[in-house]
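**Q** Mind having a look at this structure? Questions to follow.
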Amino acid sequence: MTSNKLNMYMFLVLMFLSILMFIMSINMIMYEYSLMMEWNIMSINSCNMLMTLIFDFMSTMFLSTVMFISSMVILYSGEYMSSDKTINRFIYIVMMFVISMMMLIISPNMISIIIGWDGLGLVSYCLVIYYQNTSSNNAGMLTALMNRIGDVAILMSIAWMMNFGSWNFCSFIDKMDMNHMSMLIVLAGFTKSAQIPFSSWLPAAMAAPTPVSALVHSSTLVTAGVYLMIRFSNMIQDMSLINMFMLLSVMTMIMSGIGANLEFDLKKIIALSTLSQLGIMMMILMFGFPMLSFFHLIIHALFKASLFLCAGMIIHGFNNNQDIRMMGCLCYQMPMTMTLMNIANLSLCGIPFMSGFYSKDLIMESMCFNNINFAIMTLMYIGIGLTSFYSMRLSFFLMLTNHNYNSFTSLSETFNNMVKSVLTLNIYSIISGSMFMWLMFNQTHILLLSVEAKLMTLILSLYGIWMGYELSMILNSKNSLTKEFSGSMWFMKQISTFHNQAIMLKSSLMFQKSIDQGWGEDYEAQGIINLLNKMKTFNIKITENNFKIQMVSFLFWMMIIYLI
């Protein structure tokens, strides 16, 4: 099958399944029912190993969103990676990723969850190292090893659930009072969703192709941790260390917001923006509003995929250059792309009546209405201001600066499959907020707040946009320790890579140098080779000097006979 045919075939299959799942989710919301299917594989000590699938409104709606974004990404990839000789392999790997995500979403059973969870980690490694260069390999290894921690936590929770006689957590999650089990689930969710202290792998994973970034780092891999924690939300809210995890989520949002304002790599800015929104989802989930977290998760997936794909079109035009300082005045050269990107950016900022406004405003109002720590509330508002700040800074560097790019850069736009896929996602970036709000929150909840509290989110968003515009004109390129600290995600990259090797693995490094590459090498591998070389040389000399050796040996034996 040719790449174009395979591309369109996968696009149509995923789009059909997305529409089917969306209709199914609406039906389940209307008639308030869900489906569960079980297949008993084997039984161990009265503990049944079941392959379980659940179809409720949450799983079908999330499946619909994932399949819709996947179909758009595959349509986009056909044009974006048309010059790639191995595009068919790329599409097959993306489909494996989507299947792993489907397994995770429709599994209410820890045994079947681990299949999808492990599949996500392994296939994401294949996608990150797709370009086969040094930076891709390093980023892939960091991604795989970070996600392994979450995999181990899931395996430990499977062992822990043996005590209950079943791995089907949906049936008795309300009766579980397991603090340690909750800690393992939160650990798994934090590694997959790149919360502090596991944040360094997400910007590193931007070494993957841009369509992968749009799919993996907007709607699937990073949201898998949030989705798992939403499923376990009843248990997590009773956890003893919930306040500490809330603080870590808020600090992730602040850290990524500050980092995005000091970053000049286009894809890394959008990746740090994803990290910031994941902090909001985790925060509101632990505060006791899992449905609000799920609502923001779906809306964010749609506009962030659109943002990534717009960035891919710009990078494609600039011959794979990602530095925003080398761009400018793109509103004249690429007006369609910049229009679509600004729509997604406005949705990210939470401007009224864009999709991001419905979820972000509802989250902040719910937090104001309930009793919450003043420090966490303040940090949340600062995080919202920082989101608008880096969004405006990105638009400023792309549109309002001078022509900073190379003389021979050829920028053009055609109404191809790339633009069509981004345009479709952008329509959802506008209408999905109100649409999903009508579907998910069909009961009326009145939040009585003062005018100041009601308008605070909007004021901070607009203030962040204004400050982003004003401060972006003052480009200070001087390096300082504070700038280095903030720009490198609070030295988390160095802690995750260099310090692990230099400090924690110091004894093993010394052992490797002294034994494996030192004495062991001299006396074993190299020693044997040297000995064989000497014996070979000696044998060659004996063979070449036959008469001389005979005379010497004759005299030697005569002397021995004489002495005897």
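By convention in this document, the chains of the structure tokens carry letters A, B, ... by their order, each chain's residues are numbered from 1, and ligands are numbered from 1 in the order they are shown.
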Extract, using only C-alpha atoms, all DNA, RNA and protein residues at most 8 Å from A:Leu411, discarding same-chain residues fewer than 2 positions from it, and format them as a count of residues only.

**A** 6

**Q** Which residues are near stretch 285-298 of chain A? Cut-off 9 Å, only C-alpha atoms, ignore same chain within fewer than 5 positions. Put them as a PyMOL selection string.

**A** chain A and resi 58+61-62+65-66+219+223+226-227+229-231+233-234+236-237+242-243+245-246+277-278+280+356+358-360+362-363+366-367+372+432-433+436-437+440-441

**Q** Skipping near chain neighbours, those fewer than 3 positions away, what residues fall within 12 Å of A:Met327 using only C-alpha atoms, listed as a PyMOL selection string?

**A** chain A and resi 264-266+311+314-315+317-319+321-324+330-331+333-334+394-407+409+411

**Q** Give me, please, the distance in Å between atom CA of A:Met15 and atom CA of A:Met67, quoted to one decimal.

**A** 6.7 Å

**Q** Among stretch 252-329 of chain A, which residues does DSSP mark as alpha helix (DSSP H) when it is run on the backbone? Keep the chain and numbering as in the structure and answer as a ChimeraX atom specification.

**A** /A:252-261,266-287,290-317

**Q** Which one of A:Gly350, A:Gly121, A:Gly312, A:Gly464 sits closest to A:Thr337 if you count only C-alpha atoms?

**A**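 Closest candidate: A:Gly312.
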
**Q** Could you check the closest approach to A:Ile284 for each of A:Ser249, A:Ser100, A:Ser240, A:Ser193 and tell me which residue wins, using only C-alpha atoms?

**A**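 Answer, going by the shortest atom-to-atom distance: A:Ser249.
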
**Q** Quick one: everything within 8 Å of stretch 86-97 of chain A, counting only C-alpha atoms, minus sequence neighbours fewer than 3 positions away in the same chain. Send it as a PyMOL selection string.

**A** chain A and resi 2-3+6-7+74+78+81-82+100-101+119-120+123-124+126-127+212

**Q** Which neighbours of A:Met206 fall inside 9 Å, counting only C-alpha atoms, when residues of the same chain fewer than 5 positions from it are skipped, and could you give them as a PDB file with N, CA and C atoms, in the first residue's frame?

**A**
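After the write, part_0.pdb holds the following:
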ATOM      1  N   VAL A 128      10.058   8.990  19.757  1.00  0.00           N
ATOM      2  CA  VAL A 128      11.010  10.050  20.110  1.00  0.00           C
ATOM      3  C   VAL A 128      12.343   9.840  19.403  1.00  0.00           C
ATOM      4  N   SER A 136      18.042  12.884  19.732  1.00  0.00           N
ATOM      5  CA  SER A 136      16.823  12.059  19.782  1.00  0.00           C
ATOM      6  C   SER A 136      17.028  10.834  20.670  1.00  0.00           C
ATOM      7  N   ALA A 139      17.109  11.931  24.333  1.00  0.00           N
ATOM      8  CA  ALA A 139      15.751  12.297  24.774  1.00  0.00           C
ATOM      9  C   ALA A 139      14.884  11.051  24.945  1.00  0.00           C
ATOM     10  N   VAL A 212       4.065  13.952  15.959  1.00  0.00           N
ATOM     11  CA  VAL A 212       4.109  13.131  17.183  1.00  0.00           C
ATOM     12  C   VAL A 212       3.918  14.013  18.403  1.00  0.00           C
ATOM     13  N   SER A 213       4.590  15.175  18.406  1.00  0.00           N
ATOM     14  CA  SER A 213       4.436  16.098  19.532  1.00  0.00           C
ATOM     15  C   SER A 213       2.991  16.526  19.686  1.00  0.00           C
ATOM     16  N   HIS A 217       2.104  14.661  23.036  1.00  0.00           N
ATOM     17  CA  HIS A 217       2.318  15.617  24.116  1.00  0.00           C
ATOM     18  C   HIS A 217       1.197  16.636  24.226  1.00  0.00           C
ATOM     19  N   LYS A 267       9.005  24.710  19.747  1.00  0.00           N
ATOM     20  CA  LYS A 267       8.313  23.515  20.234  1.00  0.00           C
ATOM     21  C   LYS A 267       8.419  23.373  21.752  1.00  0.00           C
ATOM     22  N   LYS A 268       9.559  23.789  22.308  1.00  0.00           N
ATOM     23  CA  LYS A 268       9.721  23.673  23.770  1.00  0.00           C
ATOM     24  C   LYS A 268       8.815  24.653  24.513  1.00  0.00           C
ATOM     25  N   ALA A 271       5.603  22.915  24.603  1.00  0.00           N
ATOM     26  CA  ALA A 271       5.689  21.774  25.533  1.00  0.00           C
ATOM     27  C   ALA A 271       5.586  22.239  26.980  1.00  0.00           C
TER      28      ALA A 271
END

**Q** Hey, what does DSSP flag as strand (DSSP E or B) within stretch 133-324 of chain A? Can you give it to me as a ChimeraX atom specification?

**A** /A:166,168,265,323

**Q** Could you pull the residues within 10 Å of A:Ser25, counting only C-alpha atoms, minus those fewer than 6 positions along the same chain, as a list in words?

**A**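 Listed by chain and then number, they are Ile19, Glu32, Tyr33, Ser34, Phe55, Asp56, Phe57, Met58, Ser59, Thr60, Met61, Phe62, Leu63, Ser64 and Leu439 of chain A.
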
**Q** Between A:Leu12, A:Leu241, A:Ile44, A:Leu302, which has the minimum distance to A:Ile69 (counting only C-alpha atoms)?

**A** A:Leu302

**Q** For A:Met489, find every residue with an atom within 6 Å (counting only C-alpha atoms), except residues of its own chain fewer than 3 positions away, and show them as a CSV table (one decimal) with C-alpha atoms, in the first residue's frame.

**A**
chain,number,residue,atom,x,y,z
A,259,GLY,CA,10.6,28.5,31.8
A,486,SER,CA,14.5,29.6,35.7
A,492,MET,CA,15.7,19.7,36.9

**Q** With distances taken over only C-alpha atoms, which of A:Ala144, A:Met161, A:Trp167, A:Phe485 is nearest to A:Ser107?

**A** A:Trp167

**Q** Using only C-alpha atoms for the distances, tell me which of A:Asn163, A:Asn147, A:Ser71, A:Ser182 is nearest to A:Ser199.

**A**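 Under the stated criterion, the closest residue is A:Asn147.
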
**Q** Please indicate the distance in Å from atom CA of A:Leu248 to atom CA of A:Ser306, rounded to one decimal place.

**A** 28.1 Å

**Q** For a test of reading the model, state the distance in Å between atom CA of A:Arg325 and atom CA of A:Leu340, rounded to one decimal.

**A**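 Here the two named atoms are 20.6 Å from each other.
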
**Q** Nearest to A:Gly487 among A:Ala260, A:Leu17, A:Ile560, A:Val422, with distances taken over only C-alpha atoms: which residue is it?

**A**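 Nearest to A:Gly487: A:Ala260.
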